[in-house]
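This is structure15.tsv (TSV, C-alpha atoms and all ligand atoms).
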chain	number	residue	atom	x	y	z
A	1305	MET	CA	15.35	-18.81	-5.87
A	1306	GLY	CA	18.50	-16.75	-5.82
A	1307	GLU	CA	21.57	-16.27	-3.70
A	1308	TYR	CA	19.67	-14.77	-0.74
A	1309	GLU	CA	17.05	-15.96	1.68
A	1310	THR	CA	15.27	-12.59	1.64
A	1311	VAL	CA	14.08	-11.70	5.13
A	1312	THR	CA	11.11	-9.49	5.93
A	1313	LEU	CA	11.93	-7.05	8.73
A	1314	THR	CA	9.48	-5.12	10.89
A	1315	PRO	CA	9.88	-1.35	11.27
A	1316	THR	CA	10.75	-1.78	14.95
A	1317	LYS	CA	13.98	-0.74	16.64
A	1318	GLY	CA	15.38	-4.27	16.16
A	1319	GLY	CA	14.29	-4.47	12.51
A	1320	ILE	CA	15.79	-1.11	11.69
A	1321	THR	CA	19.07	-1.97	13.42
A	1322	GLN	CA	19.23	-5.17	11.35
A	1323	ALA	CA	18.50	-3.23	8.15
A	1324	CYS	CA	21.36	-0.84	8.94
A	1325	THR	CA	23.77	-3.71	9.65
A	1326	LEU	CA	22.95	-5.23	6.26
A	1327	LEU	CA	23.41	-1.88	4.50
A	1328	SER	CA	26.76	-1.36	6.25
A	1329	ASN	CA	27.84	-4.79	5.03
A	1330	GLY	CA	27.13	-3.77	1.43
A	1331	ASP	CA	23.86	-5.71	1.16
A	1332	LEU	CA	20.61	-4.54	-0.43
A	1333	VAL	CA	17.61	-3.63	1.72
A	1334	SER	CA	14.24	-2.56	0.35
A	1335	PHE	CA	12.36	0.01	2.42
A	1336	PRO	CA	9.14	1.99	2.13
A	1337	THR	CA	9.06	5.65	1.18
A	1338	GLU	CA	5.92	7.76	0.77
A	1339	THR	CA	6.16	7.25	-3.03
A	1340	VAL	CA	7.18	3.63	-3.70
A	1341	TYR	CA	9.44	1.02	-2.08
A	1342	GLY	CA	13.09	1.76	-2.74
A	1343	LEU	CA	15.93	-0.76	-3.21
A	1344	GLY	CA	18.58	0.69	-0.94
A	1345	ALA	CA	22.37	0.37	-0.86
A	1346	ASP	CA	25.15	2.36	0.83
A	1347	ALA	CA	25.68	5.19	-1.69
A	1348	ARG	CA	29.41	5.38	-0.77
A	1349	ASN	CA	30.04	1.73	-1.67
A	1350	ASP	CA	30.44	1.08	-5.42
A	1351	ARG	CA	30.13	-2.65	-5.00
A	1352	ALA	CA	26.89	-2.38	-3.05
A	1353	VAL	CA	25.52	0.01	-5.67
A	1354	ALA	CA	26.50	-2.39	-8.47
A	1355	LYS	CA	24.40	-5.07	-6.76
A	1356	ILE	CA	21.33	-2.87	-7.29
A	1357	PHE	CA	21.73	-3.11	-11.07
A	1358	SER	CA	22.40	-6.81	-10.83
A	1359	ALA	CA	19.32	-7.48	-8.65
A	1360	LYS	CA	17.04	-5.38	-10.89
A	1361	GLY	CA	18.46	-6.95	-14.07
A	1362	ARG	CA	18.87	-3.45	-15.51
A	1363	PRO	CA	20.31	-3.50	-19.03
A	1364	GLN	CA	21.92	-0.08	-18.45
A	1365	PHE	CA	23.42	1.82	-15.55
A	1366	ASN	CA	20.87	4.57	-14.88
A	1367	PRO	CA	21.82	7.15	-12.29
A	1368	LEU	CA	20.17	6.61	-8.88
A	1369	ILE	CA	18.48	8.87	-6.36
A	1370	VAL	CA	20.44	9.42	-3.13
A	1371	HIS	CA	18.20	9.49	-0.05
A	1372	VAL	CA	19.29	11.61	2.90
A	1373	ALA	CA	17.76	12.60	6.24
A	1374	SER	CA	17.73	16.39	5.92
A	1375	THR	CA	18.42	19.37	3.68
A	1376	GLU	CA	21.56	19.91	5.74
A	1377	ALA	CA	22.75	16.42	4.84
A	1378	ALA	CA	21.88	17.00	1.17
A	1379	HIS	CA	24.32	19.94	1.17
A	1380	MET	CA	27.16	17.47	1.78
A	1381	TYR	CA	26.54	15.94	-1.66
A	1382	GLY	CA	25.06	18.56	-4.01
A	1383	GLU	CA	25.84	22.17	-4.95
A	1384	PHE	CA	22.61	24.08	-4.27
A	1385	ASN	CA	21.34	27.17	-6.10
A	1386	PRO	CA	18.61	29.61	-4.97
A	1387	TRP	CA	15.85	27.73	-6.85
A	1388	ALA	CA	16.92	24.47	-5.25
A	1389	ASP	CA	17.02	26.12	-1.80
A	1390	ARG	CA	13.46	27.28	-2.31
A	1391	LEU	CA	12.20	23.84	-3.44
A	1392	ALA	CA	14.00	22.09	-0.59
A	1393	SER	CA	12.54	24.45	2.00
A	1394	VAL	CA	8.98	24.00	0.70
A	1395	PHE	CA	8.89	20.34	-0.38
A	1396	TRP	CA	11.41	18.46	1.78
A	1397	PRO	CA	10.80	16.08	3.37
A	1398	GLY	CA	8.56	14.83	0.56
A	1399	PRO	CA	8.21	13.31	-2.93
A	1400	MET	CA	10.59	15.79	-4.60
A	1401	THR	CA	14.00	14.97	-6.12
A	1402	LEU	CA	16.53	17.67	-7.01
A	1403	VAL	CA	19.29	17.07	-9.58
A	1404	LEU	CA	22.32	19.18	-8.66
A	1405	PRO	CA	26.04	19.32	-9.51
A	1406	VAL	CA	27.75	16.71	-7.34
A	1407	ARG	CA	30.28	18.06	-4.86
A	1408	SER	CA	33.85	16.99	-5.53
A	1409	ASP	CA	34.17	15.92	-1.88
A	1410	SER	CA	30.83	14.04	-1.80
A	1411	GLY	CA	32.41	10.63	-1.23
A	1412	LEU	CA	29.59	9.08	-3.28
A	1413	ALA	CA	30.34	6.01	-5.39
A	1414	PRO	CA	30.68	7.16	-9.04
A	1415	MET	CA	28.28	4.41	-10.06
A	1416	VAL	CA	25.45	6.23	-8.21
A	1417	MET	CA	25.71	9.06	-10.76
A	1418	ALA	CA	26.46	6.61	-13.62
A	1419	GLY	CA	29.44	8.82	-14.37
A	1420	LEU	CA	27.40	12.07	-14.62
A	1421	PRO	CA	28.56	15.32	-13.00
A	1422	THR	CA	25.16	15.66	-11.27
A	1423	VAL	CA	23.48	13.82	-8.40
A	1424	ALA	CA	19.76	13.31	-7.71
A	1425	LEU	CA	18.94	14.02	-4.04
A	1426	ARG	CA	15.80	13.43	-2.03
A	1427	VAL	CA	14.71	13.75	1.61
A	1428	PRO	CA	11.81	11.30	1.98
A	1429	GLU	CA	8.96	11.89	4.37
A	1430	HIS	CA	7.93	8.34	5.22
A	1431	PRO	CA	8.65	7.72	8.94
A	1432	VAL	CA	10.20	4.28	8.30
A	1433	ALA	CA	12.47	5.63	5.55
A	1434	ARG	CA	13.48	8.48	7.84
A	1435	ARG	CA	14.27	6.16	10.74
A	1436	ILE	CA	16.40	3.91	8.53
A	1437	ILE	CA	18.36	6.78	6.97
A	1438	THR	CA	18.88	8.44	10.36
A	1439	ALA	CA	20.00	5.21	12.03
A	1440	PHE	CA	22.27	4.32	9.09
A	1441	ASP	CA	23.75	7.81	9.34
A	1442	GLY	CA	24.76	7.93	5.69
A	1443	PRO	CA	23.43	8.40	2.15
A	1444	ILE	CA	21.29	5.58	0.72
A	1445	ALA	CA	21.11	5.10	-3.06
A	1446	ALA	CA	17.76	3.64	-4.06
A	1447	PRO	CA	15.84	3.14	-7.27
A	1448	SER	CA	12.32	1.74	-7.14
A	1449	ALA	CA	12.48	-1.88	-5.88
A	1450	ASN	CA	11.18	-3.62	-9.00
A	1451	PRO	CA	12.88	-5.79	-11.60
A	1452	SER	CA	13.80	-3.71	-14.65
A	1453	GLY	CA	10.82	-3.04	-16.90
A	1454	ARG	CA	8.24	-3.88	-14.24
A	1455	THR	CA	5.94	-1.66	-12.21
A	1456	SER	CA	7.19	0.14	-9.11
A	1457	PRO	CA	6.23	-1.68	-5.87
A	1458	THR	CA	3.94	-0.05	-3.33
A	1459	THR	CA	3.83	-2.92	-0.81
A	1460	ALA	CA	6.45	-5.24	0.71
A	1461	GLN	CA	4.68	-8.13	-1.03
A	1462	HIS	CA	5.21	-6.47	-4.44
A	1463	VAL	CA	8.91	-6.21	-3.60
A	1464	LEU	CA	9.07	-9.90	-2.69
A	1465	ASP	CA	7.11	-10.89	-5.81
A	1466	GLY	CA	9.77	-9.26	-7.97
A	1467	LEU	CA	13.02	-9.54	-6.03
A	1468	SER	CA	12.74	-12.37	-3.49
A	1469	GLY	CA	16.04	-14.27	-3.42
A	1470	ARG	CA	17.87	-11.36	-5.04
A	1471	ILE	CA	18.05	-8.98	-2.05
A	1472	ALA	CA	18.95	-9.39	1.61
A	1473	ALA	CA	15.81	-7.91	3.17
A	1474	VAL	CA	12.67	-5.83	2.88
A	1475	VAL	CA	11.41	-3.65	5.71
A	1476	ASP	CA	7.61	-3.94	5.72
A	1477	GLY	CA	6.09	-0.52	6.44
A	1478	GLY	CA	2.70	-1.19	4.87
A	1479	PRO	CA	1.43	0.34	1.63
A	1480	CYS	CA	3.06	3.55	0.31
A	1481	PRO	CA	0.73	6.53	0.70
A	1482	VAL	CA	1.65	8.35	-2.55
A	1483	GLY	CA	2.15	5.30	-4.76
A	1484	LEU	CA	3.76	7.32	-7.54
A	1485	GLU	CA	7.45	8.19	-7.86
A	1486	SER	CA	8.89	11.55	-6.80
A	1487	THR	CA	8.85	14.63	-9.04
A	1488	ILE	CA	12.35	15.25	-10.43
A	1489	VAL	CA	13.59	18.81	-11.03
A	1490	ALA	CA	16.94	19.80	-12.56
A	1491	PHE	CA	18.39	23.29	-13.23
A	1492	ASP	CA	19.93	24.85	-16.33
A	1493	PRO	CA	20.08	27.18	-14.18
A	1494	ASP	CA	16.29	27.66	-14.40
A	1495	PRO	CA	14.18	24.83	-12.99
A	1496	ILE	CA	13.36	22.03	-15.45
A	1497	LEU	CA	10.83	19.24	-14.88
A	1498	LEU	CA	12.60	15.95	-15.66
A	1499	ARG	CA	9.84	13.65	-14.38
A	1500	PRO	CA	6.34	14.50	-13.19
A	1501	GLY	CA	5.57	12.74	-9.90
A	1502	GLY	CA	4.26	12.97	-6.36
A	1503	VAL	CA	4.36	16.78	-6.12
A	1504	PRO	CA	2.05	18.24	-8.80
A	1505	THR	CA	3.65	20.63	-11.30
A	1506	GLU	CA	1.24	23.49	-10.54
A	1507	ILE	CA	2.11	23.39	-6.85
A	1508	ILE	CA	5.83	23.60	-7.68
A	1509	GLU	CA	5.25	26.50	-10.07
A	1510	ARG	CA	3.25	28.34	-7.43
A	1511	ALA	CA	6.11	27.93	-4.94
A	1512	LEU	CA	8.68	29.15	-7.48
A	1513	GLY	CA	6.60	31.88	-9.06
A	1514	VAL	CA	7.81	30.81	-12.54
A	1515	PRO	CA	6.75	28.00	-14.90
A	1516	LEU	CA	8.88	24.86	-14.98
A	1517	LYS	CA	10.69	24.24	-18.24
A	1518	THR	CA	10.27	20.80	-19.78
A	1519	PRO	CA	13.12	19.06	-21.59
A	1520	ILE	CA	10.93	18.07	-24.53
A	1521	LEU	CA	9.56	21.58	-25.18
A	1522	ASP	CA	13.06	23.02	-24.94
A	1523	GLY	CA	14.51	20.31	-27.14
A	1524	SER	CA	17.35	19.79	-24.66
A	1525	PRO	CA	18.55	16.22	-24.10
A	1526	THR	CA	18.05	16.13	-20.33
A	1527	ALA	CA	15.27	13.55	-19.89
A	1528	PRO	CA	16.17	10.99	-17.21
A	1529	GLY	CA	17.94	8.04	-18.73
A	1530	GLN	CA	19.00	9.99	-21.81
A	1531	LEU	CA	21.48	11.96	-19.79
A	1532	ALA	CA	23.21	8.78	-18.79
A	1533	SER	CA	24.39	8.18	-22.35
A	1534	HIS	CA	26.39	11.38	-22.42
A	1535	TYR	CA	29.30	10.23	-20.32
A	1536	ALA	CA	32.30	8.94	-22.21
A	1537	PRO	CA	36.02	9.04	-21.49
A	1538	LEU	CA	38.16	11.61	-23.28
A	1539	GLY	CA	40.12	9.02	-25.23
A	1540	ARG	CA	39.13	6.87	-28.19
A	1541	VAL	CA	37.87	3.44	-27.11
A	1542	ARG	CA	38.55	0.10	-28.84
A	1543	LEU	CA	36.58	-2.92	-27.60
A	1544	ASN	CA	37.33	-6.67	-27.41
A	1545	ALA	CA	41.06	-6.04	-27.23
A	1546	LYS	CA	42.93	-9.08	-25.86
A	1547	SER	CA	46.10	-6.99	-25.92
A	1548	ALA	CA	46.98	-3.32	-26.28
A	1549	ASP	CA	48.71	-1.81	-29.29
A	1550	GLN	CA	51.55	0.69	-29.05
A	1551	GLY	CA	50.34	3.89	-27.33
A	1552	GLU	CA	47.13	2.36	-25.98
A	1553	THR	CA	46.16	2.14	-22.30
A	1554	HIS	CA	44.63	-1.25	-21.63
A	1555	LEU	CA	41.53	-1.66	-19.47
A	1556	GLY	CA	41.77	-5.28	-18.35
A	1557	PHE	CA	39.30	-7.86	-17.10
A	1558	GLY	CA	40.00	-11.21	-15.45
A	1559	SER	CA	43.15	-12.92	-16.73
A	1560	ILE	CA	43.76	-10.12	-19.25
A	1561	GLN	CA	45.61	-7.96	-16.73
A	1562	GLY	CA	45.87	-4.62	-18.58
A	1563	ASP	CA	47.01	-1.36	-17.02
A	1564	ILE	CA	43.84	-1.00	-14.96
A	1565	ASN	CA	41.87	-4.18	-14.22
A	1566	LEU	CA	38.09	-4.11	-13.67
A	1567	SER	CA	38.16	-7.43	-11.79
A	1568	VAL	CA	41.16	-9.69	-11.57
A	1569	SER	CA	38.93	-12.61	-10.53
A	1570	GLY	CA	36.58	-12.01	-13.49
A	1571	ASP	CA	33.67	-11.08	-11.20
A	1572	LEU	CA	31.13	-9.01	-13.17
A	1573	VAL	CA	29.60	-7.36	-10.07
A	1574	GLU	CA	33.06	-6.20	-9.02
A	1575	ALA	CA	33.81	-5.07	-12.60
A	1576	ALA	CA	30.60	-3.02	-12.70
A	1577	ALA	CA	31.45	-1.45	-9.37
A	1578	ASN	CA	34.86	-0.45	-10.70
A	1579	LEU	CA	33.77	0.68	-14.18
A	1580	PHE	CA	33.04	4.38	-13.67
A	1581	GLY	CA	36.00	4.82	-11.34
A	1582	ALA	CA	38.22	3.22	-14.00
A	1583	LEU	CA	36.87	5.51	-16.75
A	1584	HIS	CA	37.51	8.55	-14.56
A	1585	GLU	CA	41.02	7.26	-13.84
A	1586	LEU	CA	41.69	6.90	-17.60
A	1587	ASP	CA	40.71	10.57	-18.03
A	1588	ARG	CA	42.93	11.51	-15.11
A	1589	GLN	CA	45.84	9.73	-16.82
A	1590	LYS	CA	44.90	11.55	-20.06
A	1591	ALA	CA	44.66	8.18	-21.84
A	1592	MET	CA	43.78	9.12	-25.42
A	1593	GLU	CA	43.80	5.61	-26.88
A	1594	ILE	CA	42.00	3.04	-24.77
A	1595	ALA	CA	41.84	-0.69	-25.47
A	1596	VAL	CA	39.26	-2.69	-23.50
A	1597	ALA	CA	39.53	-6.41	-22.80
A	1598	PRO	CA	36.52	-8.58	-23.80
A	1599	ILE	CA	33.75	-8.60	-21.15
A	1600	PRO	CA	31.33	-11.56	-21.17
A	1601	GLU	CA	27.84	-10.64	-22.40
A	1602	ARG	CA	25.97	-12.02	-19.37
A	1603	GLY	CA	24.65	-10.66	-16.05
A	1604	LEU	CA	26.06	-7.21	-15.36
A	1605	GLY	CA	28.40	-7.78	-18.33
A	1606	ARG	CA	25.52	-6.66	-20.57
A	1607	ALA	CA	25.26	-3.31	-18.82
A	1608	ILE	CA	29.05	-2.91	-18.80
A	1609	ASN	CA	29.22	-3.65	-22.53
A	1610	ASP	CA	26.27	-1.32	-23.22
A	1611	ARG	CA	28.17	1.48	-21.53
A	1612	LEU	CA	31.47	0.62	-23.21
A	1613	ARG	CA	29.81	0.45	-26.65
A	1614	ARG	CA	28.44	3.97	-26.11
A	1615	ALA	CA	31.91	5.09	-25.06
A	1616	ALA	CA	33.37	3.50	-28.21
A	1617	ALA	CA	30.74	4.90	-30.60
A	1618	PRO	CA	32.01	7.47	-33.11
A	1619	ARG	CA	31.62	11.02	-31.80
A	1620	ASN	CA	32.88	14.50	-32.49
A	1621	ALA	CA	36.51	15.07	-31.66
A	1622	PRO	CA	36.92	16.79	-28.28
B	1	LIG	O1	9.99	8.21	-5.61
B	1	LIG	C1	11.09	7.93	-6.09
B	1	LIG	O2	11.76	8.75	-6.72
B	1	LIG	C2	11.59	6.50	-5.89
B	1	LIG	C3	11.85	6.32	-4.40
B	1	LIG	C4	12.45	4.99	-4.07
B	1	LIG	O3	12.66	7.37	-3.92
B	1	LIG	N1	12.78	6.25	-6.65
B	1	LIG	C5	12.77	6.13	-8.01
B	1	LIG	O4	14.02	5.81	-8.54
B	1	LIG	O5	11.78	6.29	-8.70
B	1	LIG	P1	14.23	5.31	-10.04
B	1	LIG	O6	15.65	4.87	-10.17
B	1	LIG	O7	13.22	4.30	-10.40
B	1	LIG	O8	14.09	6.64	-10.88
B	1	LIG	C6	15.06	7.64	-10.71
B	1	LIG	C7	15.11	8.51	-11.92
B	1	LIG	C8	15.64	7.79	-13.14
B	1	LIG	O9	14.79	8.06	-14.25
B	1	LIG	C9	17.01	8.42	-13.34
B	1	LIG	O10	17.39	8.45	-14.69
B	1	LIG	C10	16.80	9.81	-12.75
B	1	LIG	O11	16.01	9.58	-11.64
B	1	LIG	N2	18.08	10.40	-12.31
B	1	LIG	C11	18.85	10.04	-11.29
B	1	LIG	N3	19.98	10.77	-11.23
B	1	LIG	C12	19.89	11.65	-12.23
B	1	LIG	C13	20.75	12.68	-12.72
B	1	LIG	N4	21.92	12.94	-12.15
B	1	LIG	N5	20.33	13.38	-13.80
B	1	LIG	C14	19.14	13.11	-14.38
B	1	LIG	N6	18.31	12.14	-14.00
B	1	LIG	C15	18.68	11.42	-12.94
B	2	MG	MG	11.87	3.05	-11.35
What would the structure in this file look like if it were written as structure tokens?
Amino acid sequence: MGEYETVTLTPTKGGITQACTLLSNGDLVSFPTETVYGLGADARNDRAVAKIFSAKGRPQFNPLIVHVASTEAAHMYGEFNPWADRLASVFWPGPMTLVLPVRSDSGLAPMVMAGLPTVALRVPEHPVARRIITAFDGPIAAPSANPSGRTSPTTAQHVLDGLSGRIAAVVDGGPCPVGLESTIVAFDPDPILLRPGGVPTEIIERALGVPLKTPILDGSPTAPGQLASHYAPLGRVRLNAKSADQGETHLGFGSIQGDINLSVSGDLVEAAANLFGALHELDRQKAMEIAVAPIPERGLGRAINDRLRRAAAPRNAP
């Protein structure tokens, strides 16, 4: 059950056109890559991206990988460095994800980066993924297409087992050849292995001519998922505020209007889609005292509150 009658599409011209129409409408479409099936949304549409977290039942907003058709396209979204150029030229298209500073003119929905200043980019090799991304002619944000806490899907049936009724469609391209997620590399500026995956570490090191650093050995807090907790607005945050005190900027929800409202209609998917944009806007306004209206602790409200609680946690003065 769920709000969708999930359709299974074939990787034919008609099926791919239908997949692109759904993506353009802000709907979720699962598609095969060489690693695992991804749960795709238009990476420029915050509301579509918010639906990913809702469909997966993710308790937190993790940053997502943006899938593009070519290295040239990837340059529209990330700031490359010579190490990244080298990895892209050797391993793209393929099971390799590069985490790079996001370009200020990327046009990506802030929710894709979960508020981080970096974006994860990948050019997949699977012919069906490539045809969808090329036909869509835009960036597709996609985590693995499994409910949160479950195993990544490597067939369309796995996707349906976990997400039927929660997504618009799955494009059935048969089993994924790699079956293991992509290798993720970030830069500090030297290359760091954030997640081992489809491209073996030794092969990457041979291509670079230097060993990859690992976040754990270096003691730096850059493991995937951990990074996400580092974003907070500049100002001090007070939660469950039905009204603002003198000097506070009020982040509203539903009938509590506030100065910036996450969703006037009290829609949690819309509120999630607006969250990171609103936090950036508060920084832009140099809001140093922020009061946040109560957000219901259900559905995406849990993830919103998780993020807001982190933002409100005591920290060192800026
Ligand atoms: O093979 C794959 O990578 C598959 C297919 C669909 O492309 N995708 C996948 O996505 O495994 P997901 O969401 O399950 O894992 C993406 C990982 C997460 O651990 C996330 O924290 C990390 O990438 N990530 C994304 N953006 C990041 C960023 N800016 N900095 C650090 N880690 C990031
Ligand atoms: Mg995953």
Which residues form the shell of 8 Å around ligand LIG 1 (chain B) when you count all atoms listed in the file, given as a PyMOL selection string? chain A and resi 1336-1343+1366-1369+1371+1399-1401+1403-1404+1416-1418+1420-1426+1428+1446-1449+1456+1484-1488+1490+1498-1499+1501-1502+1526-1532
Can you pull out the residues contacting segment 1586-1593 of chain A? Cut-off 6 Å, using all atoms listed in the file, and skip same-chain residues under 5 positions away; I want them as a list of chain:residue names. A:Leu1538, A:Gly1539, A:Arg1540, A:Glu1552
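Here atom CA of Leu1332 of chain A and atom CA of Gly1442 of chain A stand 14.5 Å from one another.
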Around all the atoms of segment 1581-1591 of chain A listed in the file, draw an axis-aligned box and extend it by 8 Å on each of the six sides; I want its centre and edge lengths in Å to one decimal, as AutoDock Vina command-line options.
--center_x 40.9 --center_y 7.4 --center_z -16.6 --size_x 25.8 --size_y 24.3 --size_z 26.5
Compare A:Lys1517, A:Val1568, A:Pro1598, A:Gln1364 by their minimum atom-to-atom distance to Ala1545 of chain A, counting only C-alpha atoms, and give me the closest one. A:Pro1598
Quick one: residues within 7 Å of Asn1450 of chain A, all atoms listed in the file counted, chain neighbours fewer than 5 positions away excluded, as a PDB file with C-alpha atoms, in the coordinates of the input?
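What landed in around.pdb:
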ATOM      1  CA  LYS A1360      17.040  -5.380 -10.890  1.00  0.00           C
ATOM      2  CA  THR A1455       5.940  -1.660 -12.210  1.00  0.00           C
ATOM      3  CA  SER A1456       7.190   0.140  -9.110  1.00  0.00           C
ATOM      4  CA  PRO A1457       6.230  -1.680  -5.870  1.00  0.00           C
ATOM      5  CA  VAL A1463       8.910  -6.210  -3.600  1.00  0.00           C
ATOM      6  CA  GLY A1466       9.770  -9.260  -7.970  1.00  0.00           C
ATOM      7  CA  LEU A1467      13.020  -9.540  -6.030  1.00  0.00           C
TER       8      LEU A1467
END
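Among the candidates A:Val1596, A:Ala1616, A:Cys1480, A:Ala1576, the residue lying nearest to Asp1549 of chain A is A:Val1596 (atoms considered: only C-alpha atoms).
For the set A:Arg1435, A:Arg1351, A:Lys1546, A:His1430, the residue with the smallest atom-to-atom gap to Asp1571 of chain A is A:Arg1351, counting all atoms listed in the file.
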My structure is short of atoms at segment 1543-1550 of chain A; please model all heavy atoms there, returning them as a short mmCIF file (atom, residue, chain, number, x, y, z; two decimals), keeping the file's coordinate frame.
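Saved result, part-v3.cif, follows:
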data_model
loop_
_atom_site.label_atom_id
_atom_site.label_comp_id
_atom_site.auth_asym_id
_atom_site.auth_seq_id
_atom_site.Cartn_x
_atom_site.Cartn_y
_atom_site.Cartn_z
N LEU A 1543 37.12 -1.82 -28.41
CA LEU A 1543 36.58 -2.92 -27.60
C LEU A 1543 37.19 -4.27 -27.99
O LEU A 1543 37.82 -4.40 -29.03
CB LEU A 1543 35.05 -2.98 -27.76
CG LEU A 1543 34.31 -1.71 -27.35
CD1 LEU A 1543 32.80 -1.89 -27.57
CD2 LEU A 1543 34.60 -1.36 -25.90
N ASN A 1544 36.93 -5.28 -27.15
CA ASN A 1544 37.33 -6.67 -27.41
C ASN A 1544 38.81 -6.81 -27.72
O ASN A 1544 39.19 -7.56 -28.61
CB ASN A 1544 36.51 -7.26 -28.57
CG ASN A 1544 35.08 -7.50 -28.14
OD1 ASN A 1544 34.84 -8.01 -27.04
ND2 ASN A 1544 34.13 -7.10 -28.97
N ALA A 1545 39.62 -6.04 -26.98
CA ALA A 1545 41.06 -6.04 -27.23
C ALA A 1545 41.75 -6.99 -26.24
O ALA A 1545 41.84 -6.68 -25.06
CB ALA A 1545 41.61 -4.63 -27.12
N LYS A 1546 42.23 -8.13 -26.74
CA LYS A 1546 42.93 -9.08 -25.86
C LYS A 1546 44.29 -8.53 -25.46
O LYS A 1546 44.85 -8.91 -24.43
CB LYS A 1546 43.09 -10.42 -26.56
CG LYS A 1546 41.73 -11.10 -26.80
CD LYS A 1546 41.84 -12.62 -26.78
CE LYS A 1546 40.48 -13.28 -26.75
NZ LYS A 1546 40.04 -13.78 -28.05
N SER A 1547 44.84 -7.64 -26.28
CA SER A 1547 46.10 -6.99 -25.92
C SER A 1547 46.06 -5.55 -26.43
O SER A 1547 45.25 -5.22 -27.30
CB SER A 1547 47.29 -7.74 -26.51
OG SER A 1547 47.19 -7.74 -27.92
N ALA A 1548 46.95 -4.73 -25.89
CA ALA A 1548 46.98 -3.32 -26.28
C ALA A 1548 48.02 -3.10 -27.37
O ALA A 1548 49.06 -3.76 -27.38
CB ALA A 1548 47.32 -2.46 -25.07
N ASP A 1549 47.73 -2.20 -28.29
CA ASP A 1549 48.71 -1.81 -29.29
C ASP A 1549 49.60 -0.72 -28.70
O ASP A 1549 49.29 -0.16 -27.65
CB ASP A 1549 48.01 -1.26 -30.55
CG ASP A 1549 47.23 -2.36 -31.27
OD1 ASP A 1549 47.52 -3.56 -31.03
OD2 ASP A 1549 46.30 -2.02 -32.03
N GLN A 1550 50.65 -0.40 -29.43
CA GLN A 1550 51.55 0.69 -29.05
C GLN A 1550 50.75 1.97 -28.77
O GLN A 1550 49.89 2.35 -29.56
CB GLN A 1550 52.52 0.93 -30.23
CG GLN A 1550 53.55 2.00 -30.01
CD GLN A 1550 54.68 1.49 -29.12
OE1 GLN A 1550 55.11 0.35 -29.25
NE2 GLN A 1550 55.15 2.33 -28.22
#
